[in-house]
file protein_36.cif (mmCIF, C-alpha atoms and all ligand atoms)
data_model
loop_
_atom_site.label_atom_id
_atom_site.label_comp_id
_atom_site.auth_asym_id
_atom_site.auth_seq_id
_atom_site.Cartn_x
_atom_site.Cartn_y
_atom_site.Cartn_z
CA MET A 279 56.33 149.43 71.37
CA THR A 280 59.26 149.79 69.00
CA PRO A 281 59.25 147.68 65.85
CA ARG A 282 62.75 146.21 65.67
CA GLY A 283 62.87 143.40 63.12
CA THR A 284 61.67 144.21 59.65
CA GLU A 285 60.50 141.23 57.65
CA ASP A 286 62.85 140.38 54.81
CA SER A 287 64.15 143.96 54.58
CA GLN A 288 67.47 144.45 52.83
CA THR A 289 68.81 147.53 54.58
CA GLY A 290 72.61 148.08 54.68
CA LEU A 291 75.36 146.02 56.26
CA PRO A 292 75.49 145.23 59.98
CA PRO A 293 77.93 147.40 61.97
CA PRO A 294 81.34 145.89 62.83
CA PRO A 295 81.79 144.12 66.22
CA PRO A 296 83.17 146.14 69.17
CA SER A 297 86.95 146.47 68.91
CA SER A 298 88.60 147.62 72.15
CA SER A 299 88.00 146.33 75.69
CA SER A 300 86.34 149.61 76.78
CA GLN A 301 83.87 148.91 73.99
CA ARG A 302 82.82 145.59 75.55
CA ILE A 303 79.23 145.46 76.67
CA VAL A 304 78.51 144.27 80.18
CA PHE A 305 75.63 144.19 82.56
CA GLN A 306 76.03 144.86 86.22
CA MET A 307 74.19 143.78 89.37
CA PRO A 308 71.78 142.18 89.95
CA VAL A 309 73.39 138.98 88.72
CA PHE A 310 70.74 136.88 87.05
CA GLN A 311 70.35 133.13 86.96
CA ASN A 312 69.68 132.77 83.31
CA VAL A 313 70.73 135.32 80.71
CA GLU A 314 72.26 134.88 77.31
CA ASP A 315 75.96 135.35 76.59
CA VAL A 316 75.95 139.10 75.87
CA TYR A 317 79.09 138.82 73.73
CA MET A 318 76.89 137.03 71.22
CA TYR A 319 75.31 140.38 70.36
CA GLY A 320 77.10 141.41 67.21
CA PRO A 321 77.04 140.55 63.51
CA GLY A 322 76.09 136.89 63.07
CA GLY A 323 74.81 136.64 66.65
CA TYR A 324 71.56 137.15 68.56
CA HIS A 325 68.91 139.63 67.44
CA PRO A 326 68.50 142.42 70.04
CA VAL A 327 65.02 142.50 71.55
CA ASP A 328 63.58 144.61 74.38
CA LEU A 329 60.38 143.93 76.31
CA GLY A 330 57.46 145.63 74.55
CA ASP A 331 59.08 145.42 71.08
CA VAL A 332 56.93 144.11 68.27
CA VAL A 333 58.86 141.54 66.21
CA GLY A 334 57.78 140.55 62.72
CA HIS A 335 54.25 141.49 61.77
CA SER A 336 52.51 141.12 65.12
CA PHE A 337 54.48 139.54 67.96
CA LYS A 338 54.67 141.74 71.04
CA ILE A 339 57.43 140.64 73.45
CA ILE A 340 56.03 140.10 76.95
CA HIS A 341 58.65 138.05 78.84
CA LYS A 342 61.71 135.87 78.27
CA LEU A 343 61.27 132.10 78.22
CA GLY A 344 64.85 130.99 77.83
CA ASN A 345 68.11 131.20 76.00
CA GLY A 346 70.00 128.50 74.22
CA GLY A 347 73.33 128.53 72.45
CA PHE A 348 71.68 129.35 69.12
CA ALA A 349 68.50 131.20 69.98
CA LEU A 350 66.60 133.36 72.41
CA VAL A 351 63.04 132.31 73.12
CA TRP A 352 60.46 134.95 74.07
CA LEU A 353 56.93 134.80 75.40
CA ALA A 354 55.07 136.92 72.86
CA ARG A 355 51.49 137.97 72.26
CA ASP A 356 50.31 137.50 68.71
CA LEU A 357 48.39 140.76 68.32
CA ASN A 358 46.56 139.53 65.21
CA GLN A 359 45.33 136.24 66.65
CA ASP A 360 45.09 137.33 70.28
CA ARG A 361 47.03 134.41 71.73
CA TYR A 362 50.34 133.81 73.48
CA VAL A 363 53.13 132.01 71.65
CA ALA A 364 56.80 131.17 72.12
CA LEU A 365 58.86 133.15 69.62
CA LYS A 366 62.24 131.54 68.99
CA ILE A 367 64.60 133.96 67.23
CA LEU A 368 67.64 132.13 65.93
CA ARG A 369 71.10 133.63 65.85
CA SER A 370 71.91 135.01 62.44
CA ASP A 371 74.62 132.35 61.90
CA ALA A 372 72.43 129.42 63.10
CA SER A 373 71.89 126.56 60.68
CA ASP A 374 68.43 126.09 59.19
CA ASN A 375 68.32 122.43 60.28
CA GLU A 376 65.68 122.96 62.98
CA VAL A 377 63.40 124.93 60.64
CA LYS A 378 63.64 122.23 57.94
CA ILE A 379 62.86 119.45 60.42
CA LEU A 380 59.94 121.29 62.03
CA GLU A 381 58.42 122.17 58.67
CA HIS A 382 58.69 118.54 57.58
CA LEU A 383 57.03 117.42 60.83
CA LYS A 384 54.25 119.95 60.45
CA MET A 385 53.41 118.47 57.04
CA ALA A 386 53.76 114.88 58.28
CA ALA A 387 51.70 115.31 61.46
CA GLY A 388 48.88 112.84 61.69
CA LYS A 389 46.67 112.41 64.73
CA THR A 390 49.45 112.99 67.26
CA ARG A 391 50.66 116.52 67.60
CA ILE A 392 54.38 116.09 67.17
CA THR A 393 55.46 119.60 66.43
CA ASN A 394 54.60 122.84 68.07
CA LEU A 395 55.53 124.92 65.03
CA GLN A 396 52.85 127.38 63.94
CA GLU A 397 54.72 129.47 61.37
CA THR A 398 58.15 130.73 60.42
CA PHE A 399 59.34 134.08 59.11
CA THR A 400 62.62 135.93 58.69
CA ILE A 401 63.59 139.29 60.13
CA HIS A 402 66.49 141.56 59.40
CA GLY A 403 68.18 143.50 62.18
CA PRO A 404 71.54 145.06 63.04
CA ASN A 405 73.18 141.63 63.35
CA GLY A 406 71.91 140.15 60.08
CA PHE A 407 69.01 137.96 59.03
CA HIS A 408 67.31 135.78 61.64
CA GLN A 409 64.86 132.96 61.25
CA CYS A 410 61.96 133.18 63.69
CA LEU A 411 59.89 130.18 64.75
CA VAL A 412 56.42 130.77 66.15
CA LEU A 413 55.84 127.84 68.50
CA ASP A 414 53.04 126.68 70.78
CA LEU A 415 53.75 128.00 74.22
CA GLY A 416 55.10 125.53 76.76
CA GLY A 417 55.79 126.00 80.45
CA PRO A 418 58.45 124.69 82.80
CA SER A 419 60.68 121.86 81.67
CA LEU A 420 60.68 118.43 83.29
CA ARG A 421 64.06 119.41 84.72
CA ARG A 422 62.61 122.44 86.54
CA VAL A 423 59.55 120.54 87.68
CA THR A 424 61.76 117.72 89.01
CA LEU A 425 63.94 120.18 90.90
CA TYR A 426 61.37 122.56 92.34
CA CYS A 427 57.86 121.14 92.32
CA LYS A 428 55.84 118.90 94.58
CA HIS A 429 55.36 115.41 93.15
CA PRO A 430 52.13 115.59 91.11
CA PRO A 431 49.64 112.70 91.41
CA LEU A 432 50.48 109.44 89.64
CA PRO A 433 47.67 109.56 87.03
CA PHE A 434 48.96 112.97 85.91
CA LEU A 435 52.49 111.58 85.59
CA LYS A 436 51.31 108.52 83.67
CA VAL A 437 49.57 110.70 81.08
CA ALA A 438 52.66 112.87 80.76
CA ALA A 439 54.89 109.81 80.25
CA MET A 440 52.45 108.42 77.67
CA LYS A 441 52.41 111.73 75.79
CA ILE A 442 56.20 111.74 75.47
CA ALA A 443 56.23 108.14 74.29
CA GLU A 444 53.52 108.90 71.71
CA GLY A 445 55.42 111.99 70.57
CA VAL A 446 58.62 110.00 70.05
CA ALA A 447 56.75 107.25 68.20
CA ALA A 448 55.13 109.82 65.90
CA LEU A 449 58.49 111.50 65.24
CA HIS A 450 60.03 108.20 64.21
CA GLU A 451 57.05 107.37 62.04
CA ALA A 452 57.63 110.67 60.25
CA GLY A 453 61.25 109.64 59.59
CA VAL A 454 62.82 111.99 62.14
CA CYS A 455 65.01 111.29 65.18
CA HIS A 456 65.10 114.00 67.84
CA GLY A 457 68.69 113.33 68.94
CA ASP A 458 68.56 115.56 72.05
CA LEU A 459 65.69 114.31 74.18
CA THR A 460 66.53 115.57 77.64
CA ASP A 461 64.62 116.76 80.69
CA SER A 462 65.23 120.36 79.51
CA ASN A 463 63.57 119.74 76.15
CA VAL A 464 60.33 118.31 77.52
CA LEU A 465 57.96 121.08 78.62
CA PHE A 466 54.69 120.93 80.58
CA GLU A 467 51.97 123.26 79.33
CA ILE A 468 50.37 125.73 81.75
CA THR A 469 46.60 125.33 82.15
CA GLY A 470 44.49 128.38 81.36
CA LEU A 471 47.40 130.64 80.36
CA GLN A 472 45.81 131.66 77.07
CA ASP A 473 43.00 133.34 79.04
CA TRP A 474 45.32 135.41 81.22
CA THR A 475 45.79 139.14 80.66
CA GLU A 476 49.35 140.44 80.36
CA ASP A 477 49.13 141.62 83.99
CA GLU A 478 48.08 138.14 85.05
CA VAL A 479 50.98 136.61 83.12
CA HIS A 480 53.33 138.82 85.15
CA ARG A 481 51.47 138.14 88.39
CA TYR A 482 51.35 134.35 88.05
CA LEU A 483 54.71 133.77 86.34
CA GLY A 484 56.61 136.59 88.04
CA PRO A 485 57.43 140.02 86.56
CA PRO A 486 60.42 140.21 84.20
CA LYS A 487 63.73 141.00 85.96
CA THR A 488 65.86 143.29 83.82
CA ALA A 489 69.24 145.03 84.05
CA PRO A 490 70.63 147.72 81.74
CA LEU A 491 73.24 146.64 79.25
CA LEU A 492 76.09 149.16 79.13
CA PHE A 493 79.57 149.60 77.76
CA LEU A 494 82.35 149.18 80.32
CA ASP A 495 82.72 152.97 80.33
CA GLY A 496 79.04 153.31 81.34
CA LYS A 497 77.73 154.43 77.94
CA PRO A 498 74.49 152.83 76.74
CA ALA A 499 74.71 149.65 74.69
CA PRO A 500 74.98 150.09 70.94
CA VAL A 501 72.36 149.30 68.35
CA PHE A 502 73.46 145.68 67.91
CA ALA A 503 72.52 144.88 71.55
CA PRO A 504 69.27 145.37 73.49
CA THR A 505 69.06 148.17 76.08
CA HIS A 506 68.41 145.60 78.85
CA VAL A 507 69.07 141.95 79.53
CA VAL A 508 66.12 139.96 80.86
CA ASP A 509 66.37 137.03 83.27
CA ALA A 510 64.56 133.98 81.86
CA LEU A 511 61.36 132.93 83.61
CA ASP A 512 62.10 130.60 86.52
CA TYR A 513 58.46 129.59 87.14
CA SER A 514 59.03 129.79 90.90
CA HIS A 515 55.76 131.78 91.17
CA LEU A 516 53.90 128.94 89.53
CA ASN A 517 51.75 126.59 91.51
CA THR A 518 52.02 122.93 90.41
CA GLU A 519 48.23 122.84 90.12
CA HIS A 520 48.64 125.14 87.10
CA LEU A 521 50.54 122.46 85.16
CA SER A 522 48.84 120.43 82.47
CA SER A 523 50.03 116.93 81.60
CA ASN A 524 50.15 118.07 77.98
CA ILE A 525 53.76 117.77 76.99
CA LEU A 526 55.68 119.63 74.32
CA ILE A 527 58.88 118.17 72.93
CA THR A 528 61.10 121.10 71.94
CA ASP A 529 64.55 122.00 70.59
CA PHE A 530 64.96 120.16 67.30
CA GLY A 531 68.41 121.69 66.77
CA GLU A 532 70.09 118.24 66.86
CA ALA A 533 67.27 116.40 65.07
CA PHE A 534 68.02 114.48 61.88
CA PHE A 535 66.26 112.54 59.15
CA LYS A 536 66.60 108.76 59.41
CA ASP A 537 68.23 108.67 55.97
CA ASN A 538 70.70 111.49 56.68
CA VAL A 539 72.45 110.55 59.87
CA PRO A 540 75.05 112.91 61.45
CA LYS A 541 78.45 111.65 62.66
CA GLY A 542 77.74 112.50 66.29
CA LEU A 543 75.40 114.33 68.65
CA GLY A 544 75.85 116.82 71.47
CA THR A 545 73.38 115.15 73.86
CA PRO A 546 74.22 115.73 77.56
CA ALA A 547 75.88 112.68 79.15
CA SER A 548 72.92 111.80 81.42
CA PHE A 549 70.66 111.20 78.38
CA SER A 550 73.22 110.03 75.84
CA ALA A 551 72.85 106.47 74.54
CA PRO A 552 75.94 104.38 75.40
CA GLU A 553 76.55 103.13 71.86
CA LEU A 554 77.50 106.66 70.75
CA LEU A 555 80.65 106.39 72.89
CA PHE A 556 81.70 103.22 71.15
CA GLY A 557 81.85 104.62 67.65
CA TYR A 558 78.32 103.73 66.50
CA GLN A 559 76.47 106.27 64.38
CA PRO A 560 73.39 107.90 65.90
CA SER A 561 70.05 106.32 65.04
CA CYS A 562 66.49 106.52 66.34
CA ALA A 563 67.60 104.12 69.08
CA VAL A 564 69.23 107.06 70.87
CA ASP A 565 65.75 108.54 71.38
CA LEU A 566 64.56 105.27 72.93
CA TRP A 567 67.40 105.29 75.47
CA ALA A 568 66.54 108.89 76.34
CA LEU A 569 62.82 108.05 76.50
CA GLY A 570 63.58 105.37 79.11
CA CYS A 571 65.49 107.95 81.16
CA LEU A 572 62.61 110.44 80.89
CA VAL A 573 59.89 107.93 81.83
CA PHE A 574 61.90 106.99 84.91
CA GLN A 575 62.38 110.65 85.83
CA ILE A 576 58.72 111.53 85.36
CA HIS A 577 57.68 108.78 87.76
CA THR A 578 60.35 109.13 90.41
CA PHE A 579 61.45 112.78 90.14
CA GLN A 580 65.03 111.54 90.09
CA VAL A 581 67.49 111.57 87.22
CA LEU A 582 68.12 107.96 86.13
CA ILE A 583 71.78 108.53 85.23
CA PRO A 584 72.94 111.46 87.39
CA THR A 585 76.44 112.83 86.82
CA ILE A 586 78.54 115.34 88.73
CA PHE A 587 80.97 116.28 85.97
CA SER A 588 78.66 115.58 82.99
CA SER A 589 81.35 113.30 81.59
CA ASP A 590 80.53 110.37 79.34
CA GLN A 591 82.64 107.93 81.37
CA GLU A 592 80.84 108.87 84.55
CA ALA A 593 77.45 108.45 82.87
CA LEU A 594 78.46 105.05 81.54
CA ALA A 595 79.61 103.93 84.98
CA MET A 596 76.24 105.03 86.38
CA ALA A 597 74.41 103.26 83.54
CA ILE A 598 76.27 100.04 84.33
CA GLU A 599 75.30 100.34 87.99
CA THR A 600 71.69 100.93 87.03
CA VAL A 601 70.97 98.60 84.15
CA GLY A 602 73.85 96.11 84.30
CA ALA A 603 77.09 95.23 82.53
CA LEU A 604 78.07 96.51 79.10
CA PRO A 605 78.11 94.11 76.17
CA GLU A 606 81.42 92.21 76.33
CA ALA A 607 82.76 93.71 73.11
CA TRP A 608 82.65 97.21 74.63
CA GLN A 609 84.15 96.44 78.01
CA GLU A 610 87.84 96.75 77.21
CA SER A 611 87.58 100.15 75.57
CA PHE A 612 85.35 101.39 78.39
CA PHE A 613 87.81 100.42 81.09
CA SER A 614 90.77 102.04 79.31
CA SER A 615 88.84 105.28 78.79
CA LEU A 616 87.66 105.19 82.41
CA HIS A 617 91.26 104.79 83.52
CA LEU A 618 92.25 107.93 81.59
CA HIS A 619 89.27 109.79 83.03
CA ILE A 620 90.21 108.85 86.63
CA LEU A 621 93.77 110.07 85.99
CA LYS A 622 92.39 113.40 84.74
CA VAL A 623 90.14 113.80 87.79
CA SER A 624 92.92 112.95 90.25
CA LYS A 625 95.21 115.50 88.54
CA ARG A 626 92.51 118.13 89.05
CA ARG A 627 92.19 117.05 92.66
CA MET A 628 95.94 117.49 93.25
CA HIS A 629 95.73 120.90 91.63
CA LEU A 630 92.94 121.92 94.01
CA ASN A 631 94.83 120.58 97.04
CA VAL A 632 97.88 122.66 96.12
CA PHE A 633 96.19 125.87 95.05
CA GLN A 634 93.03 126.01 97.12
CA GLY A 635 94.40 125.21 100.58
CA SER A 636 91.52 124.68 102.99
CA LYS A 637 88.23 123.58 101.54
CA GLY A 638 85.04 125.59 101.84
CA GLU A 639 81.63 124.09 102.40
CA ASP A 640 80.72 123.98 98.73
CA SER A 641 84.20 123.62 97.29
CA ARG A 642 84.69 121.55 94.19
CA GLU A 643 87.11 119.50 96.25
CA ASP A 644 84.20 118.13 98.27
CA ILE A 645 82.78 116.82 95.09
CA ILE A 646 86.03 115.55 93.65
CA THR A 647 87.11 113.77 96.83
CA GLY A 648 83.76 112.07 96.89
CA ALA A 649 82.39 113.77 100.03
CA GLU A 650 79.05 113.83 98.22
CA GLN A 651 79.20 110.22 97.15
CA PRO A 652 77.75 108.11 99.96
CA ARG A 653 74.40 109.95 99.93
CA TYR A 654 74.38 109.88 96.18
CA LEU A 655 75.15 106.20 95.92
CA SER A 656 72.93 105.08 98.75
CA ILE A 657 69.86 106.63 97.10
CA ARG A 658 70.73 104.74 93.97
CA SER A 659 71.52 101.35 95.34
CA SER A 660 68.72 101.03 97.86
CA HIS A 661 65.71 102.24 95.84
CA ARG A 662 66.48 102.58 92.16
CA PRO A 663 66.22 99.10 90.66
CA ALA A 664 62.81 98.59 92.24
CA LYS A 665 61.63 101.97 90.98
CA ILE A 666 62.89 101.34 87.47
CA LEU A 667 61.04 98.05 87.30
CA THR A 668 57.86 99.58 88.70
CA CYS A 669 57.82 102.39 86.15
CA LEU A 670 58.76 100.40 83.11
CA PHE A 671 56.38 97.50 83.69
CA ASN A 672 53.47 99.35 85.28
CA TYR A 673 52.83 101.33 82.14
CA PRO A 674 49.41 102.89 81.52
CA THR A 675 47.02 101.81 78.82
CA HIS A 676 45.01 104.52 77.07
CA ASP A 677 41.94 103.70 79.18
CA SER A 678 43.69 103.94 82.52
CA ALA A 679 45.52 107.15 81.64
CA ILE A 680 43.03 109.54 83.17
CA ILE A 681 43.98 112.72 85.00
N1 LIG A 701 57.79 126.33 72.93
C1 LIG A 701 58.37 126.80 74.06
N2 LIG A 701 57.60 127.21 75.09
C2 LIG A 701 58.17 127.67 76.24
N3 LIG A 701 59.50 127.75 76.45
C3 LIG A 701 60.31 127.35 75.46
C4 LIG A 701 59.80 126.85 74.22
N4 LIG A 701 60.84 126.50 73.43
C5 LIG A 701 61.95 126.78 74.16
N5 LIG A 701 61.65 127.29 75.37
C6 LIG A 701 62.59 127.69 76.44
O1 LIG A 701 63.73 128.31 75.87
C7 LIG A 701 64.93 127.60 76.23
C8 LIG A 701 65.87 127.61 75.03
O2 LIG A 701 65.22 126.99 73.93
P1 LIG A 701 65.94 125.90 73.01
O3 LIG A 701 66.52 124.84 73.88
O4 LIG A 701 64.96 125.48 71.97
O5 LIG A 701 67.09 126.82 72.37
P2 LIG A 701 68.42 126.35 71.62
O6 LIG A 701 69.27 127.54 71.30
O7 LIG A 701 68.02 125.51 70.44
O8 LIG A 701 69.06 125.49 72.78
P3 LIG A 701 70.38 124.61 72.79
O9 LIG A 701 71.51 125.52 73.08
O10 LIG A 701 70.05 123.65 73.92
O11 LIG A 701 70.44 123.94 71.45
C9 LIG A 701 64.46 126.21 76.63
O12 LIG A 701 65.30 125.65 77.61
C10 LIG A 701 63.07 126.47 77.19
O13 LIG A 701 63.16 126.77 78.57
#
call {"tool": "encode", "arguments": {"input": "protein_36.cif", "output": "structure tokens", "more": "lines below"}}
Ligand SMILES: Nc1ncnc2c1ncn2[C@@H]1O[C@H](COP(=O)(O)OP(=O)(O)OP(=O)(O)O)[C@@H](O)[C@H]1O
result
Amino acid sequence: MTPRGTEDSQTGLPPPPPSSSSQRIVFQMPVFQNVEDVYMYGPGGYHPVDLGDVVGHSFKIIHKLGNGGFALVWLARDLNQDRYVALKILRSDASDNEVKILEHLKMAAGKTRITNLQETFTIHGPNGFHQCLVLDLGGPSLRRVTLYCKHPPLPFLKVAAMKIAEGVAALHEAGVCHGDLTDSNVLFEITGLQDWTEDEVHRYLGPPKTAPLLFLDGKPAPVFAPTHVVDALDYSHLNTEHLSSNILITDFGEAFFKDNVPKGLGTPASFSAPELLFGYQPSCAVDLWALGCLVFQIHTFQVLIPTIFSSDQEALAMAIETVGALPEAWQESFFSSLHLHILKVSKRRMHLNVFQGSKGEDSREDIITGAEQPRYLSIRSSHRPAKILTCLFNYPTHDSAII
């Protein structure tokens, strides 16, 4: 165990970023599914962490939970309290918005647990100062569960849907809008995990997959990077029976106070409220749109507004197909932006025809020419409206929501 971050220490300046291309850090095979952008190791970027390190006063790094644009999230054991937590270490240049929001929510929390923040602290490392959030530990996201798991029983799903709805209501009551409610930011807890030994964590969740991080010339990575990269947990070793319908809402990086509204949001197209495209400022209503999408997905294991290119126009077209026509005032601007979008896509298609020659099985051309479309559309048109109605009107009461 090597202590790496020192709380609030003030030692020296971080080293300069690598200068020449032979100084670039790379990692070689095996290629992992889910690692951070290693060029973000450098002053202002991610804090380097290796498995087994102890970060802050007592957090031993056991596994990697995930990486976002502004943070790495680690499964850590709190050696003082003897419990597992998620330790989110923000990039040194990350804004303190998420910390402010979570601290406000922690104070405001009433009966409903709306934040999973336990404590915050700051560390200093080779890349600068980093805020660390100690969070309740969640498991796989709704996105992963939707993609890879068997459909859990309906009562389980109803409780999960109710928990998200209660969480969103409590957030709004506390004056906060999440702004980025997506299937990646809703996590299912794992039953019994707190009683597992470290060996059991590795056995049930899969051992960490690591690869050395080296300079292009084969020399070991410098002090501002970790010695190894770690593939984030994919939960493929996890049995669905291990999931609890306790839900954590995470990633408050886009969250905002009701009385301090941002100009726009970076919500992925499939969960983005349509009004944002028509020049309206974000409000708590964007969370309600996203909540509808999530409730549908929890019940059906299908994305309500699926997109191929993650473009806003595509999502809007899907939304129209699913929930009906846009308000009249928006229609003209939608059709002109859709027209531009179609032109862009057909230009890309011509480019692929010219430069790619024959098309492979998985080529992007298949997607662009619409080879995927009939299956995609037929699922939607034959079953979706009925499913939407069933989920939205067959909503559980507290009494019926039993696992
Ligand atoms: N409390 C938690 N328990 C378990 N896993 C978590 C937890 N919080 C985050 N994760 C995992 O880490 C990943 C990255 O976390 P998060 O989305 O909060 O980072 P971020 O940098 O703010 O992301 P983004 O780039 O989307 O803003 C998540 O997708 C999730 O898989």
call {"tool": "residues_near_ligand", "arguments": {"input": "protein_36.cif", "ligand": "ligand LIG 701 (chain A)", "cutoff": "6 Å", "atoms": "all atoms listed in the file", "output": "ChimeraX atom specification"}}
result
/A:343-349,351,364,413-417,462,528-529,531
call {"tool": "residues_around", "arguments": {"input": "protein_36.cif", "residues": "Leu594 of chain A", "least_positions_apart": "3", "cutoff": "9 Å", "atoms": "all atoms listed in the file", "output": "list in words"}}
result
Ala547, Ser548, Pro552, Ile583, Ser589, Asp590, Gln591, Ala597, Ile598, Glu599, Leu604 and Phe612 of chain A
call {"tool": "write_last_selection", "arguments": {"input": "protein_36.cif", "atoms": "C-alpha atoms", "output": "JSON list (two decimals), in the coordinates of the input"}}
result
[["chain", "number", "residue", "atom", "x", "y", "z"],
["A", 547, "ALA", "CA", 75.88, 112.68, 79.15],
["A", 548, "SER", "CA", 72.92, 111.80, 81.42],
["A", 552, "PRO", "CA", 75.94, 104.38, 75.40],
["A", 583, "ILE", "CA", 71.78, 108.53, 85.23],
["A", 589, "SER", "CA", 81.35, 113.30, 81.59],
["A", 590, "ASP", "CA", 80.53, 110.37, 79.34],
["A", 591, "GLN", "CA", 82.64, 107.93, 81.37],
["A", 597, "ALA", "CA", 74.41, 103.26, 83.54],
["A", 598, "ILE", "CA", 76.27, 100.04, 84.33],
["A", 599, "GLU", "CA", 75.30, 100.34, 87.99],
["A", 604, "LEU", "CA", 78.07, 96.51, 79.10],
["A", 612, "PHE", "CA", 85.35, 101.39, 78.39]]
call {"tool": "atom_distance", "arguments": {"input": "protein_36.cif", "atom1": "atom CA of Pro605 of chain A", "atom2": "atom CA of Leu555 of chain A"}}
result
13.0 Å
call {"tool": "closest_residue", "arguments": {"input": "protein_36.cif", "among": "A:Lys342, A:His325, A:Arg355, A:His335", "to": "Gln472 of chain A", "atoms": "all atoms listed in the file"}}
result
A:Arg355
call {"tool": "residues_around", "arguments": {"input": "protein_36.cif", "residues": "Ser522 of chain A", "least_positions_apart": "2", "cutoff": "6 Å", "atoms": "only C-alpha atoms", "output": "number ranges by chain"}}
result
A: 467-469, 524
call {"tool": "residues_around", "arguments": {"input": "protein_36.cif", "residues": "Cys410 of chain A", "least_positions_apart": "6", "cutoff": "8 Å", "atoms": "all atoms listed in the file", "output": "list of chain:residue names"}}
result
A:Leu365, A:Lys366, A:Ile367, A:Leu368, A:Thr398, A:Phe399, A:Thr400, A:Ile401
call {"tool": "write_last_selection", "arguments": {"input": "protein_36.cif", "atoms": "C-alpha atoms", "output": "PDB file, keeping the file's coordinate frame"}}
result
ATOM      1  CA  LEU A 365      58.860 133.150  69.620  1.00  0.00           C
ATOM      2  CA  LYS A 366      62.240 131.540  68.990  1.00  0.00           C
ATOM      3  CA  ILE A 367      64.600 133.960  67.230  1.00  0.00           C
ATOM      4  CA  LEU A 368      67.640 132.130  65.930  1.00  0.00           C
ATOM      5  CA  THR A 398      58.150 130.730  60.420  1.00  0.00           C
ATOM      6  CA  PHE A 399      59.340 134.080  59.110  1.00  0.00           C
ATOM      7  CA  THR A 400      62.620 135.930  58.690  1.00  0.00           C
ATOM      8  CA  ILE A 401      63.590 139.290  60.130  1.00  0.00           C
TER       9      ILE A 401
END
call {"tool": "closest_residue", "arguments": {"input": "protein_36.cif", "among": "A:Leu383, A:His429, A:Glu376, A:Ser611", "to": "Gln580 of chain A", "atoms": "all atoms listed in the file"}}
result
A:His429
call {"tool": "residues_around", "arguments": {"input": "protein_36.cif", "residues": "segment 513-519 of chain A", "least_positions_apart": "4", "cutoff": "8 Å", "atoms": "all atoms listed in the file", "output": "list in words"}}
result
Pro418, Tyr426, Cys427, Lys428, Pro430, Tyr482, Leu483 and Gly484 of chain A
call {"tool": "atom_distance", "arguments": {"input": "protein_36.cif", "atom1": "atom CA of Val601 of chain A", "atom2": "atom CA of Pro584 of chain A"}}
result
13.4 Å
call {"tool": "atom_distance", "arguments": {"input": "protein_36.cif", "atom1": "atom CA of Arg481 of chain A", "atom2": "atom CA of Leu432 of chain A"}}
result
28.7 Å
call {"tool": "closest_residue", "arguments": {"input": "protein_36.cif", "among": "A:Ile442, A:His450, A:Asp461, A:Thr488", "to": "Leu511 of chain A", "atoms": "all atoms listed in the file"}}
result
A:Thr488
call {"tool": "closest_residue", "arguments": {"input": "protein_36.cif", "among": "A:Trp567, A:Phe574, A:Trp608, A:Phe407", "to": "Asp374 of chain A", "atoms": "all atoms listed in the file"}}
result
A:Phe407
call {"tool": "axis_aligned_box", "arguments": {"input": "protein_36.cif", "around": "segment 451-463 of chain A", "padding_each_side": "5 Å", "output": "AutoDock Vina command-line options"}}
result
--center_x 62.9 --center_y 113.9 --center_z 70.1 --size_x 21.6 --size_y 23.0 --size_z 31.1
call {"tool": "closest_residue", "arguments": {"input": "protein_36.cif", "among": "A:Ala593, A:Leu449, A:Ile586, A:Ala438", "to": "Leu572 of chain A", "atoms": "all atoms listed in the file"}}
result
A:Ala438
call {"tool": "closest_residue", "arguments": {"input": "protein_36.cif", "among": "A:Val464, A:Leu459, A:Val423, A:Leu582", "to": "Val564 of chain A", "atoms": "only C-alpha atoms"}}
result
A:Leu459
call {"tool": "residues_around", "arguments": {"input": "protein_36.cif", "residues": "Ala503 of chain A", "least_positions_apart": "4", "cutoff": "7 Å", "atoms": "all atoms listed in the file", "output": "VMD selection string"}}
result
chain A and resid 319 326 499
